[in-house]
Amino acid sequence: MGAGHAHRLYVPGASVVHRLPPQCKLVAVLAFVLLVVATPRERFWAFGAYAALLAVVVVAARLNPLMVLRRIVIELPFVAFAFLMPFVAEGEKVAVLGVHLSQSGLWGAWNILAKGTLGVVASILLAATTEPRLLLLGVERLRMPQLITQIAAFMLRYGDVVTAELNRMKVARAARGFEARDIRATGVLARSVGALFLRSYERGERVHLAMVSRGYDGRMPVLHEVGATTAQWTAAAALPLAAALVTAAAWMMP
Amino acid sequence: MPDGFIDAPVSIAAGAVAVAGVAVALRGARRELDDRTAPLAGLTAAFVFAAQMLNFPVASGTSGHLLGGALAAILVGPYTGVLCVAVVLLVQALLFADGGITALGVNIITMALVTVVVGYGVFRLLLRVLPKTRASATAAAFGGAVVSVPCSALVFTLIYAAGGTADVSVGKVAAAMVGVHVLIGIGEALITAVTVSSVLAVRPDLVYGARGMVKALELHDEPVRV
């Protein structure tokens, strides 16, 4: 279990964005997304400006723009929802290519697509430039109770182990000729889930005993100091500050 | 759910409610598990995370997956259950960019708090009236899970009515959400029930929700005649 914990979303690097302390980046992303969500949806140019700001971050972090685009697919189920909206929403109808669509529904769909996509890209940038372990340290720095971050750390550490266990069960089922075709397969699959729970929970008990025997008393020793200087906070604030200017302009200008 | 579905003020209010709910769960879990909280809740969260990846075939071609709120609550208790699902959502939002950061409050309310409270509440109520057997625990797990999913959809609709950004009538959203989620709930309930039943068969002591049901082991110094 000593290797291979590098995360799929994390792209190792040493850029300015990579080196910022995690808590600064967390606050910056949260503030940025809140500002985006608070922007009136009629201001198309504002969303273009936000996208440009994120593009600047991509360049500064030396990330591959294609990689970022590819990871946006996680949003797909909601894109489907957004596309349905013009058909089901109320209000005045407009004809687009001969189809009667609700005007407010079109606005609603645009609103979700634009804000959702900007939010996903901001989150992708955060996860791609921050090591998962450091990200959790950053969350802890922002006064999240240590117990929550400890649980999250355990989840990350053993997530791959438990998933691998699930995959071995899948191979074992396939080796015995099982194929999940319809609802009758539920019994077999749910019994696998039950076995997976038992193995996970019992592993938790063993891990706890192993930790107690090494002096664990409910808190984890701090190995990395992730303090942030004023300069680093200022650097991280560049994104939300620029976004705040855009938001203010969007509210004031017609 | 990504950012942009719910407007900023309601998102922030939902975040505050979620923080309060998780804080209550934190205190409760610490009381139940003591210093075992972190490893056990962490491994259970990893389990919920993995179980959510398993696809169950529903009908020709379509498949559903587990949400896991009711299942986690019945297996490890409501407080720890809330913590596990909330942590899964937090990690997904921060590390996988799955689910918006500003939508985290709404997601925790609907998927962690509501499913656990409703699912576990119904489960315990049913257990109280049903005979104390494994079959009735399985039935109660089914009942809890089947109610929890549409309830979660209903609460989402309420939040949407307060802070939704699109002009879809609330009645329509409610009908669509609850209709779809009744079906999803039946799938969820089936998986939850069989899973709880199979754990009860092997390690009944590990099913938190059915703790009172298992008779304590007796020590006999003579052979037992059956």
# chains A, B, ... in the order shown; residues from 1 in each chain; ligands from 1

call {"tool": "interface_residues", "arguments": {"of": "chain A", "to": "chain B", "cutoff": "7 Å", "atoms": "only C-alpha atoms", "output": "PyMOL selection string"}}
result
chain A and resi 9+30+33-34+37-38+74+88-90+104-105+108+111-112+115-116+119-120+123-124+127+132+147+150-152+154-155+158-159+162-163+180-183+186-187+190-191+193-194+197+200-201+204-205+207-208+217-218

call {"tool": "select_by_dssp", "arguments": {"residues": "range 1-235 of chain A", "states": "helix (DSSP H, G or I)", "output": "MDAnalysis selection string"}}
result
chainID A and resid 16:19 22:37 44:60 65:88 103:129 132:141 146:175 183:212 230:235

call {"tool": "closest_residue", "arguments": {"among": "B:Val10, B:Val170, B:Leu154, B:Leu33", "to": "Gly77 in chain B", "atoms": "only C-alpha atoms"}}
result
B:Leu33

call {"tool": "atom_distance", "arguments": {"atom1": "CA of Ala140 in chain B", "atom2": "CA of Glu188 in chain B"}}
result
13.3 Å

call {"tool": "residues_around", "arguments": {"residues": "range 108-118 of chain B", "least_positions_apart": "6", "cutoff": "6 Å", "atoms": "only C-alpha atoms", "output": "PyMOL selection string"}}
result
chain B and resi 18+69-70+73+82+85-86+148+152

call {"tool": "residues_around", "arguments": {"residues": "range 44-55 of chain A", "least_positions_apart": "2", "cutoff": "10 Å", "atoms": "only C-alpha atoms", "output": "ChimeraX atom specification"}}
result
/A:32-33,35-36,39-42,57-61,63,65,110-111,114-115,117-118,121-122,125,238-240,242-251

call {"tool": "write_last_selection", "arguments": {"atoms": "C-alpha atoms", "output": "mmCIF file, in the first residue's frame"}}
result
data_model
loop_
_atom_site.group_PDB
_atom_site.id
_atom_site.type_symbol
_atom_site.label_atom_id
_atom_site.label_comp_id
_atom_site.auth_asym_id
_atom_site.auth_seq_id
_atom_site.Cartn_x
_atom_site.Cartn_y
_atom_site.Cartn_z
ATOM 1 C CA PHE A 32 -14.993 32.551 -7.359
ATOM 2 C CA VAL A 33 -17.836 30.049 -7.773
ATOM 3 C CA LEU A 35 -19.511 35.152 -7.466
ATOM 4 C CA VAL A 36 -20.283 33.251 -10.665
ATOM 5 C CA THR A 39 -24.084 36.926 -11.541
ATOM 6 C CA PRO A 40 -27.272 37.858 -13.456
ATOM 7 C CA ARG A 41 -27.660 35.349 -16.271
ATOM 8 C CA GLU A 42 -28.476 37.971 -18.923
ATOM 9 C CA VAL A 57 -5.177 30.054 -14.385
ATOM 10 C CA VAL A 58 -4.831 27.064 -16.750
ATOM 11 C CA VAL A 59 -1.883 28.770 -18.444
ATOM 12 C CA ALA A 60 -0.308 29.808 -15.128
ATOM 13 C CA ALA A 61 -0.639 26.247 -13.817
ATOM 14 C CA LEU A 63 -2.028 22.422 -17.434
ATOM 15 C CA PRO A 65 -6.319 22.654 -21.741
ATOM 16 C CA TRP A 110 -28.199 28.675 -20.245
ATOM 17 C CA ASN A 111 -27.908 29.639 -16.582
ATOM 18 C CA ALA A 114 -22.807 28.409 -17.939
ATOM 19 C CA LYS A 115 -22.570 28.455 -14.140
ATOM 20 C CA THR A 117 -19.474 24.488 -16.355
ATOM 21 C CA LEU A 118 -17.528 27.377 -14.792
ATOM 22 C CA VAL A 121 -13.711 23.873 -14.383
ATOM 23 C CA ALA A 122 -12.771 25.773 -11.208
ATOM 24 C CA LEU A 125 -8.260 23.278 -11.568
ATOM 25 C CA ALA A 238 -6.142 37.543 -7.611
ATOM 26 C CA LEU A 239 -8.751 35.215 -9.164
ATOM 27 C CA PRO A 240 -11.714 36.071 -6.891
ATOM 28 C CA ALA A 242 -10.789 39.926 -10.668
ATOM 29 C CA ALA A 243 -14.035 37.970 -10.671
ATOM 30 C CA ALA A 244 -15.530 40.391 -8.136
ATOM 31 C CA LEU A 245 -14.827 43.280 -10.528
ATOM 32 C CA VAL A 246 -16.656 41.392 -13.273
ATOM 33 C CA THR A 247 -19.597 40.631 -10.951
ATOM 34 C CA ALA A 248 -19.843 44.259 -9.813
ATOM 35 C CA ALA A 249 -19.772 45.439 -13.431
ATOM 36 C CA ALA A 250 -22.417 42.879 -14.374
ATOM 37 C CA TRP A 251 -24.745 44.116 -11.634
#

call {"tool": "closest_residue", "arguments": {"among": "A:Leu106, A:Leu209, A:Ala80, A:Ala231", "to": "Val94 in chain A", "atoms": "only C-alpha atoms"}}
result
A:Leu106

call {"tool": "closest_residue", "arguments": {"among": "A:Val161, A:Ala195, A:Leu166, A:Phe81", "to": "Ala176 in chain B", "atoms": "only C-alpha atoms"}}
result
A:Phe81

call {"tool": "atom_distance", "arguments": {"atom1": "CA of Ala14 in chain B", "atom2": "CA of Leu135 in chain A"}}
result
23.0 Å

call {"tool": "select_by_dssp", "arguments": {"residues": "range 4-226 of chain B", "states": "strand (DSSP E or B)", "output": "number ranges by chain"}}
result
B: 6, 55-59, 62-65, 164
